[in-house]
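Have a look at entry-v4.cif below; it lists mmCIF, N, CA and C atoms.
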data_protein
loop_
_atom_site.label_atom_id
_atom_site.label_comp_id
_atom_site.auth_asym_id
_atom_site.auth_seq_id
_atom_site.Cartn_x
_atom_site.Cartn_y
_atom_site.Cartn_z
N MET A 4 36.98 3.35 3.53
CA MET A 4 37.25 1.96 3.21
C MET A 4 36.33 1.07 4.05
N ILE A 5 35.78 0.04 3.43
CA ILE A 5 34.87 -0.88 4.11
C ILE A 5 35.68 -1.97 4.80
N ALA A 6 35.34 -2.23 6.05
CA ALA A 6 36.02 -3.29 6.81
C ALA A 6 35.78 -4.64 6.16
N PRO A 7 36.80 -5.53 6.15
CA PRO A 7 36.65 -6.83 5.48
C PRO A 7 35.48 -7.65 6.01
N ARG A 8 35.24 -7.61 7.32
CA ARG A 8 34.13 -8.37 7.90
C ARG A 8 32.78 -7.85 7.38
N LEU A 9 32.62 -6.54 7.32
CA LEU A 9 31.39 -5.93 6.81
C LEU A 9 31.22 -6.24 5.33
N LEU A 10 32.31 -6.22 4.58
CA LEU A 10 32.27 -6.52 3.16
C LEU A 10 31.81 -7.96 2.92
N ARG A 11 32.31 -8.91 3.74
CA ARG A 11 31.88 -10.32 3.61
C ARG A 11 30.39 -10.47 3.91
N ARG A 12 29.92 -9.78 4.96
CA ARG A 12 28.49 -9.84 5.31
C ARG A 12 27.64 -9.25 4.20
N LEU A 13 28.05 -8.12 3.68
CA LEU A 13 27.32 -7.47 2.59
C LEU A 13 27.28 -8.37 1.36
N SER A 14 28.39 -9.01 1.04
CA SER A 14 28.44 -9.93 -0.10
C SER A 14 27.49 -11.10 0.10
N ALA A 15 27.44 -11.63 1.33
CA ALA A 15 26.54 -12.76 1.62
C ALA A 15 25.08 -12.35 1.49
N VAL A 16 24.74 -11.16 1.97
CA VAL A 16 23.37 -10.67 1.86
C VAL A 16 22.99 -10.47 0.39
N LEU A 17 23.88 -9.87 -0.38
CA LEU A 17 23.60 -9.65 -1.80
C LEU A 17 23.45 -10.97 -2.55
N ALA A 18 24.29 -11.96 -2.23
CA ALA A 18 24.19 -13.27 -2.87
C ALA A 18 22.86 -13.94 -2.53
N ALA A 19 22.45 -13.88 -1.25
CA ALA A 19 21.18 -14.48 -0.84
C ALA A 19 20.00 -13.78 -1.52
N THR A 20 20.08 -12.46 -1.64
CA THR A 20 19.02 -11.70 -2.31
C THR A 20 18.92 -12.11 -3.78
N ALA A 21 20.07 -12.24 -4.44
CA ALA A 21 20.08 -12.63 -5.86
C ALA A 21 19.48 -14.02 -6.04
N ILE A 22 19.79 -14.95 -5.15
CA ILE A 22 19.24 -16.31 -5.24
C ILE A 22 17.73 -16.28 -5.06
N CYS A 23 17.24 -15.53 -4.08
CA CYS A 23 15.79 -15.43 -3.84
C CYS A 23 15.08 -14.84 -5.04
N MET A 24 15.66 -13.81 -5.63
CA MET A 24 15.04 -13.17 -6.80
C MET A 24 15.01 -14.12 -7.98
N ALA A 25 16.05 -14.93 -8.14
CA ALA A 25 16.11 -15.87 -9.26
C ALA A 25 15.08 -16.99 -9.10
N LEU A 26 14.80 -17.38 -7.86
CA LEU A 26 13.85 -18.47 -7.60
C LEU A 26 12.40 -18.02 -7.58
N ALA A 27 12.15 -16.73 -7.36
CA ALA A 27 10.78 -16.23 -7.26
C ALA A 27 10.12 -16.21 -8.63
N PRO A 28 8.87 -16.68 -8.73
CA PRO A 28 8.17 -16.63 -10.01
C PRO A 28 7.83 -15.18 -10.35
N PRO A 29 7.71 -14.86 -11.64
CA PRO A 29 7.35 -13.50 -12.01
C PRO A 29 5.98 -13.14 -11.45
N ALA A 30 5.80 -11.88 -11.05
CA ALA A 30 4.57 -11.43 -10.39
C ALA A 30 3.36 -11.60 -11.29
N SER A 31 3.53 -11.46 -12.57
CA SER A 31 2.36 -11.50 -13.45
C SER A 31 2.56 -12.49 -14.59
N ALA A 32 2.96 -13.73 -14.27
CA ALA A 32 3.07 -14.76 -15.29
C ALA A 32 1.66 -15.19 -15.66
N ARG A 33 1.27 -14.86 -16.88
CA ARG A 33 -0.09 -15.17 -17.32
C ARG A 33 -0.06 -15.94 -18.63
N SER A 34 -1.17 -16.56 -18.95
CA SER A 34 -1.28 -17.26 -20.23
C SER A 34 -1.35 -16.25 -21.37
N ARG A 35 -1.04 -16.70 -22.56
CA ARG A 35 -1.13 -15.80 -23.72
C ARG A 35 -2.57 -15.36 -23.96
N ALA A 36 -3.52 -16.24 -23.69
CA ALA A 36 -4.93 -15.88 -23.87
C ALA A 36 -5.32 -14.76 -22.90
N ALA A 37 -4.86 -14.85 -21.66
CA ALA A 37 -5.14 -13.80 -20.67
C ALA A 37 -4.47 -12.49 -21.08
N ASP A 38 -3.21 -12.56 -21.50
CA ASP A 38 -2.51 -11.35 -21.95
C ASP A 38 -3.24 -10.68 -23.11
N TYR A 39 -3.75 -11.48 -24.04
CA TYR A 39 -4.49 -10.93 -25.19
C TYR A 39 -5.75 -10.21 -24.72
N LEU A 40 -6.52 -10.85 -23.83
CA LEU A 40 -7.76 -10.25 -23.36
C LEU A 40 -7.50 -9.00 -22.52
N ILE A 41 -6.44 -9.01 -21.74
CA ILE A 41 -6.08 -7.83 -20.96
C ILE A 41 -5.75 -6.68 -21.89
N ALA A 42 -4.95 -6.94 -22.92
CA ALA A 42 -4.60 -5.89 -23.89
C ALA A 42 -5.85 -5.37 -24.60
N GLU A 43 -6.78 -6.27 -24.92
CA GLU A 43 -8.03 -5.87 -25.58
C GLU A 43 -8.86 -4.97 -24.67
N GLN A 44 -8.95 -5.32 -23.38
CA GLN A 44 -9.73 -4.51 -22.43
C GLN A 44 -9.06 -3.16 -22.17
N ILE A 45 -7.74 -3.12 -22.17
CA ILE A 45 -7.03 -1.83 -22.03
C ILE A 45 -7.36 -0.94 -23.23
N ARG A 46 -7.29 -1.51 -24.42
CA ARG A 46 -7.57 -0.75 -25.65
C ARG A 46 -9.00 -0.20 -25.63
N GLU A 47 -9.97 -1.03 -25.25
CA GLU A 47 -11.37 -0.59 -25.22
C GLU A 47 -11.65 0.35 -24.06
N GLY A 48 -11.15 0.01 -22.88
CA GLY A 48 -11.42 0.79 -21.68
C GLY A 48 -10.72 2.14 -21.66
N CYS A 49 -9.62 2.24 -22.40
CA CYS A 49 -8.85 3.50 -22.44
C CYS A 49 -9.03 4.23 -23.76
N LEU A 50 -10.03 3.84 -24.56
CA LEU A 50 -10.31 4.49 -25.84
C LEU A 50 -9.06 4.59 -26.71
N GLU A 51 -8.40 3.46 -26.91
CA GLU A 51 -7.22 3.35 -27.77
C GLU A 51 -5.97 4.00 -27.20
N ARG A 52 -6.03 4.51 -25.96
CA ARG A 52 -4.82 5.06 -25.33
C ARG A 52 -4.12 3.95 -24.55
N ARG A 53 -2.94 4.22 -24.09
CA ARG A 53 -2.21 3.26 -23.27
C ARG A 53 -2.82 3.19 -21.87
N GLY A 54 -2.61 2.05 -21.24
CA GLY A 54 -3.08 1.87 -19.89
C GLY A 54 -2.47 0.63 -19.29
N THR A 55 -2.72 0.41 -18.02
CA THR A 55 -2.23 -0.78 -17.34
C THR A 55 -3.30 -1.34 -16.41
N PHE A 56 -3.34 -2.66 -16.36
CA PHE A 56 -4.20 -3.37 -15.42
C PHE A 56 -3.35 -3.75 -14.22
N ASP A 57 -3.68 -3.22 -13.07
CA ASP A 57 -3.00 -3.60 -11.84
C ASP A 57 -3.37 -5.05 -11.51
N ASP A 58 -2.43 -5.78 -10.92
CA ASP A 58 -2.67 -7.19 -10.58
C ASP A 58 -3.88 -7.39 -9.68
N ARG A 59 -4.29 -6.37 -8.91
CA ARG A 59 -5.44 -6.54 -8.01
C ARG A 59 -6.75 -6.68 -8.77
N GLY A 60 -6.73 -6.48 -10.07
CA GLY A 60 -7.94 -6.63 -10.88
C GLY A 60 -7.87 -7.74 -11.90
N VAL A 61 -6.83 -8.58 -11.80
CA VAL A 61 -6.64 -9.68 -12.74
C VAL A 61 -6.52 -10.97 -11.93
N TYR A 62 -7.46 -11.88 -12.13
CA TYR A 62 -7.47 -13.16 -11.42
C TYR A 62 -7.49 -14.27 -12.45
N GLU A 63 -6.35 -14.90 -12.67
CA GLU A 63 -6.30 -16.07 -13.56
C GLU A 63 -6.25 -17.29 -12.66
N ILE A 64 -7.44 -17.80 -12.35
CA ILE A 64 -7.61 -18.91 -11.42
C ILE A 64 -8.74 -19.80 -11.92
N ASP A 65 -8.84 -20.98 -11.34
CA ASP A 65 -9.92 -21.90 -11.70
C ASP A 65 -11.21 -21.41 -11.05
N LEU A 66 -12.11 -20.88 -11.87
CA LEU A 66 -13.38 -20.34 -11.36
C LEU A 66 -14.50 -21.36 -11.34
N ASN A 67 -14.44 -22.37 -12.21
CA ASN A 67 -15.57 -23.30 -12.32
C ASN A 67 -15.26 -24.71 -11.83
N GLY A 68 -14.09 -24.93 -11.23
CA GLY A 68 -13.77 -26.22 -10.63
C GLY A 68 -13.35 -27.30 -11.60
N ASP A 69 -12.99 -26.96 -12.85
CA ASP A 69 -12.58 -27.98 -13.81
C ASP A 69 -11.07 -28.22 -13.82
N GLY A 70 -10.33 -27.53 -12.94
CA GLY A 70 -8.90 -27.74 -12.85
C GLY A 70 -8.08 -26.89 -13.80
N ARG A 71 -8.73 -26.05 -14.60
CA ARG A 71 -8.01 -25.18 -15.55
C ARG A 71 -8.26 -23.72 -15.20
N ASP A 72 -7.24 -22.90 -15.42
CA ASP A 72 -7.36 -21.49 -15.07
C ASP A 72 -8.30 -20.74 -16.00
N ASP A 73 -9.21 -20.01 -15.39
CA ASP A 73 -10.12 -19.11 -16.09
C ASP A 73 -9.62 -17.69 -15.84
N LEU A 74 -10.41 -16.68 -16.14
CA LEU A 74 -9.94 -15.31 -15.98
C LEU A 74 -11.08 -14.41 -15.51
N LEU A 75 -10.79 -13.59 -14.52
CA LEU A 75 -11.71 -12.56 -14.07
C LEU A 75 -10.95 -11.24 -14.17
N LEU A 76 -11.54 -10.25 -14.87
CA LEU A 76 -10.95 -8.92 -15.00
C LEU A 76 -11.88 -7.90 -14.37
N ALA A 77 -11.35 -7.11 -13.46
CA ALA A 77 -12.12 -6.06 -12.80
C ALA A 77 -11.59 -4.71 -13.29
N HIS A 78 -12.43 -3.98 -14.03
CA HIS A 78 -12.01 -2.71 -14.63
C HIS A 78 -11.64 -1.65 -13.61
N GLU A 79 -11.97 -1.85 -12.33
CA GLU A 79 -11.56 -0.90 -11.30
C GLU A 79 -10.04 -0.79 -11.23
N ALA A 80 -9.32 -1.82 -11.69
CA ALA A 80 -7.86 -1.86 -11.62
C ALA A 80 -7.20 -1.38 -12.90
N LEU A 81 -7.99 -0.89 -13.85
CA LEU A 81 -7.43 -0.37 -15.11
C LEU A 81 -7.19 1.12 -14.98
N GLU A 82 -5.95 1.52 -15.20
CA GLU A 82 -5.60 2.94 -15.18
C GLU A 82 -5.11 3.33 -16.57
N CYS A 83 -5.74 4.35 -17.12
CA CYS A 83 -5.42 4.84 -18.46
C CYS A 83 -4.51 6.06 -18.39
N GLU A 84 -3.71 6.24 -19.42
CA GLU A 84 -2.89 7.45 -19.51
C GLU A 84 -3.75 8.61 -19.98
N GLY A 85 -3.40 9.79 -19.55
CA GLY A 85 -4.11 10.99 -19.99
C GLY A 85 -5.07 11.52 -18.96
N ALA A 86 -5.87 12.48 -19.40
CA ALA A 86 -6.78 13.20 -18.50
C ALA A 86 -7.83 12.27 -17.90
N MET A 87 -8.42 11.40 -18.71
CA MET A 87 -9.41 10.46 -18.21
C MET A 87 -8.67 9.17 -17.83
N SER A 88 -8.26 9.08 -16.57
CA SER A 88 -7.43 7.95 -16.16
C SER A 88 -8.24 6.70 -15.81
N ARG A 89 -9.52 6.84 -15.63
CA ARG A 89 -10.38 5.71 -15.28
C ARG A 89 -10.88 5.00 -16.52
N SER A 90 -11.11 3.72 -16.41
CA SER A 90 -11.65 2.93 -17.52
C SER A 90 -13.00 3.47 -17.96
N LEU A 91 -13.25 3.40 -19.25
CA LEU A 91 -14.55 3.77 -19.82
C LEU A 91 -15.66 2.90 -19.23
N PHE A 92 -15.30 1.72 -18.72
CA PHE A 92 -16.27 0.77 -18.19
C PHE A 92 -16.47 0.91 -16.68
N CYS A 93 -16.17 2.12 -16.17
CA CYS A 93 -16.42 2.44 -14.77
C CYS A 93 -17.39 3.60 -14.71
N GLY A 94 -18.32 3.53 -13.78
CA GLY A 94 -19.23 4.63 -13.54
C GLY A 94 -18.77 5.41 -12.32
N ALA A 95 -19.69 6.12 -11.72
CA ALA A 95 -19.35 6.92 -10.54
C ALA A 95 -18.97 6.05 -9.34
N GLN A 96 -19.59 4.85 -9.23
CA GLN A 96 -19.35 4.00 -8.06
C GLN A 96 -18.74 2.65 -8.40
N VAL A 97 -19.15 2.05 -9.49
CA VAL A 97 -18.75 0.68 -9.78
C VAL A 97 -18.21 0.55 -11.20
N CYS A 98 -17.58 -0.60 -11.46
CA CYS A 98 -16.96 -0.87 -12.76
C CYS A 98 -17.39 -2.25 -13.25
N SER A 99 -17.12 -2.51 -14.52
CA SER A 99 -17.40 -3.83 -15.09
C SER A 99 -16.44 -4.87 -14.52
N ILE A 100 -17.01 -6.03 -14.25
CA ILE A 100 -16.23 -7.21 -13.85
C ILE A 100 -16.56 -8.27 -14.91
N LEU A 101 -15.54 -8.73 -15.62
CA LEU A 101 -15.73 -9.68 -16.71
C LEU A 101 -15.25 -11.07 -16.29
N VAL A 102 -16.04 -12.08 -16.59
CA VAL A 102 -15.70 -13.46 -16.24
C VAL A 102 -15.54 -14.26 -17.53
N TYR A 103 -14.32 -14.76 -17.73
CA TYR A 103 -13.99 -15.59 -18.90
C TYR A 103 -13.74 -17.01 -18.42
N ILE A 104 -14.34 -17.98 -19.10
CA ILE A 104 -14.16 -19.39 -18.77
C ILE A 104 -13.35 -20.04 -19.89
N ARG A 105 -12.37 -20.85 -19.49
CA ARG A 105 -11.51 -21.52 -20.47
C ARG A 105 -12.28 -22.67 -21.12
N GLU A 106 -12.30 -22.64 -22.44
CA GLU A 106 -12.91 -23.71 -23.25
C GLU A 106 -11.88 -24.07 -24.31
N GLY A 107 -11.22 -25.20 -24.13
CA GLY A 107 -10.10 -25.55 -25.00
C GLY A 107 -8.95 -24.60 -24.71
N ALA A 108 -8.37 -24.02 -25.77
CA ALA A 108 -7.27 -23.07 -25.59
C ALA A 108 -7.76 -21.64 -25.42
N LEU A 109 -9.07 -21.43 -25.55
CA LEU A 109 -9.61 -20.07 -25.52
C LEU A 109 -10.26 -19.74 -24.18
N LEU A 110 -10.26 -18.45 -23.88
CA LEU A 110 -11.01 -17.92 -22.75
C LEU A 110 -12.21 -17.18 -23.34
N ASN A 111 -13.42 -17.63 -23.03
CA ASN A 111 -14.64 -17.05 -23.58
C ASN A 111 -15.41 -16.29 -22.51
N LEU A 112 -15.87 -15.08 -22.86
CA LEU A 112 -16.65 -14.26 -21.94
C LEU A 112 -17.96 -14.97 -21.63
N LYS A 113 -18.21 -15.21 -20.35
CA LYS A 113 -19.42 -15.92 -19.93
C LYS A 113 -20.33 -15.08 -19.06
N ASP A 114 -19.77 -14.04 -18.41
CA ASP A 114 -20.59 -13.24 -17.52
C ASP A 114 -19.96 -11.87 -17.35
N GLU A 115 -20.81 -10.90 -17.06
CA GLU A 115 -20.35 -9.55 -16.78
C GLU A 115 -21.23 -8.98 -15.69
N ALA A 116 -20.61 -8.30 -14.75
CA ALA A 116 -21.35 -7.69 -13.64
C ALA A 116 -20.78 -6.31 -13.38
N LEU A 117 -21.53 -5.52 -12.61
CA LEU A 117 -21.06 -4.21 -12.18
C LEU A 117 -20.79 -4.28 -10.69
N GLY A 118 -19.62 -3.82 -10.28
CA GLY A 118 -19.28 -3.82 -8.86
C GLY A 118 -17.82 -3.50 -8.66
N LEU A 119 -17.39 -3.57 -7.42
CA LEU A 119 -15.99 -3.41 -7.03
C LEU A 119 -15.62 -4.60 -6.16
N ILE A 120 -14.51 -5.23 -6.46
CA ILE A 120 -14.05 -6.35 -5.64
C ILE A 120 -13.37 -5.77 -4.41
N VAL A 121 -13.94 -6.04 -3.25
CA VAL A 121 -13.38 -5.50 -2.01
C VAL A 121 -12.61 -6.55 -1.23
N GLU A 122 -12.79 -7.82 -1.59
CA GLU A 122 -12.07 -8.89 -0.90
C GLU A 122 -12.07 -10.12 -1.78
N HIS A 123 -10.97 -10.90 -1.72
CA HIS A 123 -10.85 -12.13 -2.49
C HIS A 123 -10.23 -13.20 -1.62
N ASP A 124 -10.87 -14.36 -1.57
CA ASP A 124 -10.32 -15.52 -0.88
C ASP A 124 -10.07 -16.57 -1.96
N PRO A 125 -8.79 -16.96 -2.17
CA PRO A 125 -8.47 -17.87 -3.27
C PRO A 125 -9.05 -19.27 -3.12
N GLY A 126 -9.56 -19.61 -1.92
CA GLY A 126 -10.25 -20.89 -1.75
C GLY A 126 -9.31 -22.07 -1.66
N PRO A 127 -9.70 -23.23 -2.11
CA PRO A 127 -10.84 -23.49 -2.97
C PRO A 127 -12.13 -23.64 -2.17
N PRO A 128 -13.24 -23.34 -2.77
CA PRO A 128 -13.40 -22.62 -4.04
C PRO A 128 -13.11 -21.13 -3.81
N PRO A 129 -12.72 -20.42 -4.87
CA PRO A 129 -12.47 -18.99 -4.72
C PRO A 129 -13.77 -18.25 -4.43
N THR A 130 -13.67 -17.22 -3.60
CA THR A 130 -14.84 -16.37 -3.34
C THR A 130 -14.42 -14.91 -3.47
N PHE A 131 -15.36 -14.08 -3.85
CA PHE A 131 -15.14 -12.65 -4.04
C PHE A 131 -16.22 -11.89 -3.28
N LYS A 132 -15.82 -10.92 -2.49
CA LYS A 132 -16.77 -10.02 -1.85
C LYS A 132 -16.87 -8.81 -2.77
N ILE A 133 -18.07 -8.54 -3.27
CA ILE A 133 -18.27 -7.51 -4.28
C ILE A 133 -19.22 -6.45 -3.76
N MET A 134 -18.81 -5.19 -3.89
CA MET A 134 -19.66 -4.06 -3.51
C MET A 134 -20.41 -3.59 -4.76
N SER A 135 -21.71 -3.40 -4.63
CA SER A 135 -22.52 -2.94 -5.75
C SER A 135 -22.95 -1.49 -5.51
N HIS A 136 -23.79 -0.96 -6.40
CA HIS A 136 -24.30 0.41 -6.24
C HIS A 136 -24.87 0.60 -4.84
N GLY A 137 -24.65 1.75 -4.25
CA GLY A 137 -25.19 2.05 -2.94
C GLY A 137 -24.39 1.48 -1.79
N GLY A 138 -23.31 0.76 -2.08
CA GLY A 138 -22.45 0.25 -1.02
C GLY A 138 -22.80 -1.12 -0.49
N ALA A 139 -23.86 -1.74 -0.99
CA ALA A 139 -24.22 -3.08 -0.54
C ALA A 139 -23.15 -4.07 -1.00
N THR A 140 -22.80 -5.03 -0.15
CA THR A 140 -21.81 -6.04 -0.53
C THR A 140 -22.45 -7.42 -0.52
N SER A 141 -21.92 -8.27 -1.39
CA SER A 141 -22.36 -9.66 -1.43
C SER A 141 -21.15 -10.52 -1.70
N VAL A 142 -21.25 -11.79 -1.32
CA VAL A 142 -20.17 -12.74 -1.56
C VAL A 142 -20.56 -13.58 -2.76
N TRP A 143 -19.63 -13.67 -3.72
CA TRP A 143 -19.86 -14.46 -4.94
C TRP A 143 -18.86 -15.58 -4.99
N THR A 144 -19.37 -16.81 -5.09
CA THR A 144 -18.54 -17.99 -5.30
C THR A 144 -18.86 -18.51 -6.68
N PRO A 145 -17.91 -18.43 -7.62
CA PRO A 145 -18.17 -18.88 -8.99
C PRO A 145 -18.70 -20.30 -9.03
N GLY A 146 -19.67 -20.53 -9.91
CA GLY A 146 -20.25 -21.85 -10.05
C GLY A 146 -21.28 -22.19 -9.00
N ARG A 147 -21.53 -21.27 -8.05
CA ARG A 147 -22.48 -21.53 -6.97
C ARG A 147 -23.47 -20.39 -6.81
N ASP A 148 -23.72 -19.63 -7.89
CA ASP A 148 -24.65 -18.50 -7.76
C ASP A 148 -26.00 -18.81 -8.33
#

Just give me the structure of the file as structure tokens.
Amino acid sequence: MIAPRLLRRLSAVLAATAICMALAPPASARSRAADYLIAEQIREGCLERRGTFDDRGVYEIDLNGDGRDDLLLAHEALECEGAMSRSLFCGAQVCSILVYIREGALLNLKDEALGLIVEHDPGPPPTFKIMSHGGATSVWTPGRD
């Protein structure tokens, strides 16, 4: 039998946890345009198999300073089901990084690079430290390259 004092404490902790969970925004609240493009890249990168994009490879942020969220997708974070778990758009060292800029209601592909994102500073302005072939790293600030 649980002591009444312990039961009250446990109830208070559970209530506080429930309130915090209700107030926290969802981890991956994205626009419908971003969700569509993510699903398209999963389909292409996984050769029509199922897969998931880890949040570490999805950046829906303002990349060009216009105040509206754009999208950066790094295929290094795409994991496919089955024997070939890596994205088709990854080589031995690096993967495709796709940059979509919002134009009206659409996100349009504006740039593609090969690399791995090793660090991200949300800014403003946002910056990305990207490793390329051979291990060389460079810092990329969208709109300033």

Using all atoms listed in the file, the best pick from A:Gly70, A:Cys49, A:Ile133, A:Asp114 as closest to A:Met87 would be A:Cys49

- prompt: In Å, how far is it from atom CA of A:Leu81 to atom CA of A:Arg53?
  reply: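 These two atoms are separated by 10.3 Å.
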
*asked:* Between A:Ile100, A:Asp57, A:Pro128, A:Ala32, which residue has the minimum interatomic distance to A:Glu115, considering only N, CA and C atoms?
replied: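 Smallest distance to A:Glu115 is found for A:Ile100.
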
* Could you give me, as a ChimeraX atom specification, the residues within 10 Å of A:Ala80, counting only C-alpha atoms and dropping anything in the same chain fewer than 3 positions from it? => /A:55-61,76-77,83,89-90,98,119-120

Using only N, CA and C atoms, please write the residues we just selected to a file, as a PDB file, in the coordinates of the input.
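Wrote selection-v7.pdb, looks like this:
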ATOM      1  N   THR A  55      -2.720   0.410 -18.020  1.00  0.00           N
ATOM      2  CA  THR A  55      -2.230  -0.780 -17.340  1.00  0.00           C
ATOM      3  C   THR A  55      -3.300  -1.340 -16.410  1.00  0.00           C
ATOM      4  N   PHE A  56      -3.340  -2.660 -16.360  1.00  0.00           N
ATOM      5  CA  PHE A  56      -4.200  -3.370 -15.420  1.00  0.00           C
ATOM      6  C   PHE A  56      -3.350  -3.750 -14.220  1.00  0.00           C
ATOM      7  N   ASP A  57      -3.680  -3.220 -13.070  1.00  0.00           N
ATOM      8  CA  ASP A  57      -3.000  -3.600 -11.840  1.00  0.00           C
ATOM      9  C   ASP A  57      -3.370  -5.050 -11.510  1.00  0.00           C
ATOM     10  N   ASP A  58      -2.430  -5.780 -10.920  1.00  0.00           N
ATOM     11  CA  ASP A  58      -2.670  -7.190 -10.580  1.00  0.00           C
ATOM     12  C   ASP A  58      -3.880  -7.390  -9.680  1.00  0.00           C
ATOM     13  N   ARG A  59      -4.290  -6.370  -8.910  1.00  0.00           N
ATOM     14  CA  ARG A  59      -5.440  -6.540  -8.010  1.00  0.00           C
ATOM     15  C   ARG A  59      -6.750  -6.680  -8.770  1.00  0.00           C
ATOM     16  N   GLY A  60      -6.730  -6.480 -10.070  1.00  0.00           N
ATOM     17  CA  GLY A  60      -7.940  -6.630 -10.880  1.00  0.00           C
ATOM     18  C   GLY A  60      -7.870  -7.740 -11.900  1.00  0.00           C
ATOM     19  N   VAL A  61      -6.830  -8.580 -11.800  1.00  0.00           N
ATOM     20  CA  VAL A  61      -6.640  -9.680 -12.740  1.00  0.00           C
ATOM     21  C   VAL A  61      -6.520 -10.970 -11.930  1.00  0.00           C
ATOM     22  N   LEU A  76     -11.540 -10.250 -14.870  1.00  0.00           N
ATOM     23  CA  LEU A  76     -10.950  -8.920 -15.000  1.00  0.00           C
ATOM     24  C   LEU A  76     -11.880  -7.900 -14.370  1.00  0.00           C
ATOM     25  N   ALA A  77     -11.350  -7.110 -13.460  1.00  0.00           N
ATOM     26  CA  ALA A  77     -12.120  -6.060 -12.800  1.00  0.00           C
ATOM     27  C   ALA A  77     -11.590  -4.710 -13.290  1.00  0.00           C
ATOM     28  N   CYS A  83      -5.740   4.350 -17.120  1.00  0.00           N
ATOM     29  CA  CYS A  83      -5.420   4.840 -18.460  1.00  0.00           C
ATOM     30  C   CYS A  83      -4.510   6.060 -18.390  1.00  0.00           C
ATOM     31  N   ARG A  89      -9.520   6.840 -15.630  1.00  0.00           N
ATOM     32  CA  ARG A  89     -10.380   5.710 -15.280  1.00  0.00           C
ATOM     33  C   ARG A  89     -10.880   5.000 -16.520  1.00  0.00           C
ATOM     34  N   SER A  90     -11.110   3.720 -16.410  1.00  0.00           N
ATOM     35  CA  SER A  90     -11.650   2.930 -17.520  1.00  0.00           C
ATOM     36  C   SER A  90     -13.000   3.470 -17.960  1.00  0.00           C
ATOM     37  N   CYS A  98     -17.580  -0.600 -11.460  1.00  0.00           N
ATOM     38  CA  CYS A  98     -16.960  -0.870 -12.760  1.00  0.00           C
ATOM     39  C   CYS A  98     -17.390  -2.250 -13.250  1.00  0.00           C
ATOM     40  N   LEU A 119     -17.390  -3.570  -7.420  1.00  0.00           N
ATOM     41  CA  LEU A 119     -15.990  -3.410  -7.030  1.00  0.00           C
ATOM     42  C   LEU A 119     -15.620  -4.600  -6.160  1.00  0.00           C
ATOM     43  N   ILE A 120     -14.510  -5.230  -6.460  1.00  0.00           N
ATOM     44  CA  ILE A 120     -14.050  -6.350  -5.640  1.00  0.00           C
ATOM     45  C   ILE A 120     -13.370  -5.770  -4.410  1.00  0.00           C
TER      46      ILE A 120
END

I'd like to see the residues matched by the PyMOL selection byres ((chain A and resi 93-96) around 8) on this file, and ideally I'd get them as a compact mmCIF listing (two decimals) with N, CA and C atoms, keeping the file's coordinate frame.
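Saved the output as out.txt:
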# COMPACT_ATOMS: atom_id res chain seq x y z
N GLY A 48 -11.15 0.01 -22.88
CA GLY A 48 -11.42 0.79 -21.68
C GLY A 48 -10.72 2.14 -21.66
N HIS A 78 -12.43 -3.98 -14.03
CA HIS A 78 -12.01 -2.71 -14.63
C HIS A 78 -11.64 -1.65 -13.61
N GLU A 79 -11.97 -1.85 -12.33
CA GLU A 79 -11.56 -0.90 -11.30
C GLU A 79 -10.04 -0.79 -11.23
N ARG A 89 -9.52 6.84 -15.63
CA ARG A 89 -10.38 5.71 -15.28
C ARG A 89 -10.88 5.00 -16.52
N SER A 90 -11.11 3.72 -16.41
CA SER A 90 -11.65 2.93 -17.52
C SER A 90 -13.00 3.47 -17.96
N LEU A 91 -13.25 3.40 -19.25
CA LEU A 91 -14.55 3.77 -19.82
C LEU A 91 -15.66 2.90 -19.23
N PHE A 92 -15.30 1.72 -18.72
CA PHE A 92 -16.27 0.77 -18.19
C PHE A 92 -16.47 0.91 -16.68
N VAL A 97 -19.15 2.05 -9.49
CA VAL A 97 -18.75 0.68 -9.78
C VAL A 97 -18.21 0.55 -11.20
N CYS A 98 -17.58 -0.60 -11.46
CA CYS A 98 -16.96 -0.87 -12.76
C CYS A 98 -17.39 -2.25 -13.25
N SER A 99 -17.12 -2.51 -14.52
CA SER A 99 -17.40 -3.83 -15.09
C SER A 99 -16.44 -4.87 -14.52
N LEU A 117 -21.53 -5.52 -12.61
CA LEU A 117 -21.06 -4.21 -12.18
C LEU A 117 -20.79 -4.28 -10.69
N GLY A 118 -19.62 -3.82 -10.28
CA GLY A 118 -19.28 -3.82 -8.86
C GLY A 118 -17.82 -3.50 -8.66
N LEU A 119 -17.39 -3.57 -7.42
CA LEU A 119 -15.99 -3.41 -7.03
C LEU A 119 -15.62 -4.60 -6.16
N MET A 134 -18.81 -5.19 -3.89
CA MET A 134 -19.66 -4.06 -3.51
C MET A 134 -20.41 -3.59 -4.76
N SER A 135 -21.71 -3.40 -4.63
CA SER A 135 -22.52 -2.94 -5.75
C SER A 135 -22.95 -1.49 -5.51
N HIS A 136 -23.79 -0.96 -6.40
CA HIS A 136 -24.30 0.41 -6.24
C HIS A 136 -24.87 0.60 -4.84
N GLY A 137 -24.65 1.75 -4.25
CA GLY A 137 -25.19 2.05 -2.94
C GLY A 137 -24.39 1.48 -1.79
N GLY A 138 -23.31 0.76 -2.08
CA GLY A 138 -22.45 0.25 -1.02
C GLY A 138 -22.80 -1.12 -0.49

query: Neighbours of A:Ile64 within 6.5 Å (only N, CA and C atoms; same-chain residues fewer than 6 positions away dropped), as number ranges by chain?
result: A: 71-75

Exercise. Mind pulling up the distance from atom CA of A:Pro129 to atom N of A:Glu47?
Worked result: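 These two atoms are separated by 27.4 Å.
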
Residue set, stretch 45-117 of chain A restricted to strand (DSSP E or B), as a ChimeraX atom specification
/A:54-56,61-62,74-77,81-83,89,93,98-106,109-117

Per DSSP on the backbone, what are the helix (DSSP H, G or I) residues of stretch 16-144 of chain A, as a PyMOL selection string?
chain A and resi 16-26+35-48+58-60+78-80+136-138

Atom CA of A:Tyr62 and atom CA of A:Ala86, how far apart in Å?
->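 Interatomic distance, atom CA of A:Ala86 to atom CA of A:Tyr62: 27.3 Å.
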
Taking into account only C-alpha atoms, which residue in the set A:Gln44, A:Asn67, A:Glu106, A:Ser34 is nearest to A:Thr144?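 Between A:Gln44, A:Asn67, A:Glu106, A:Ser34, the residue approaching A:Thr144 most closely is A:Asn67.
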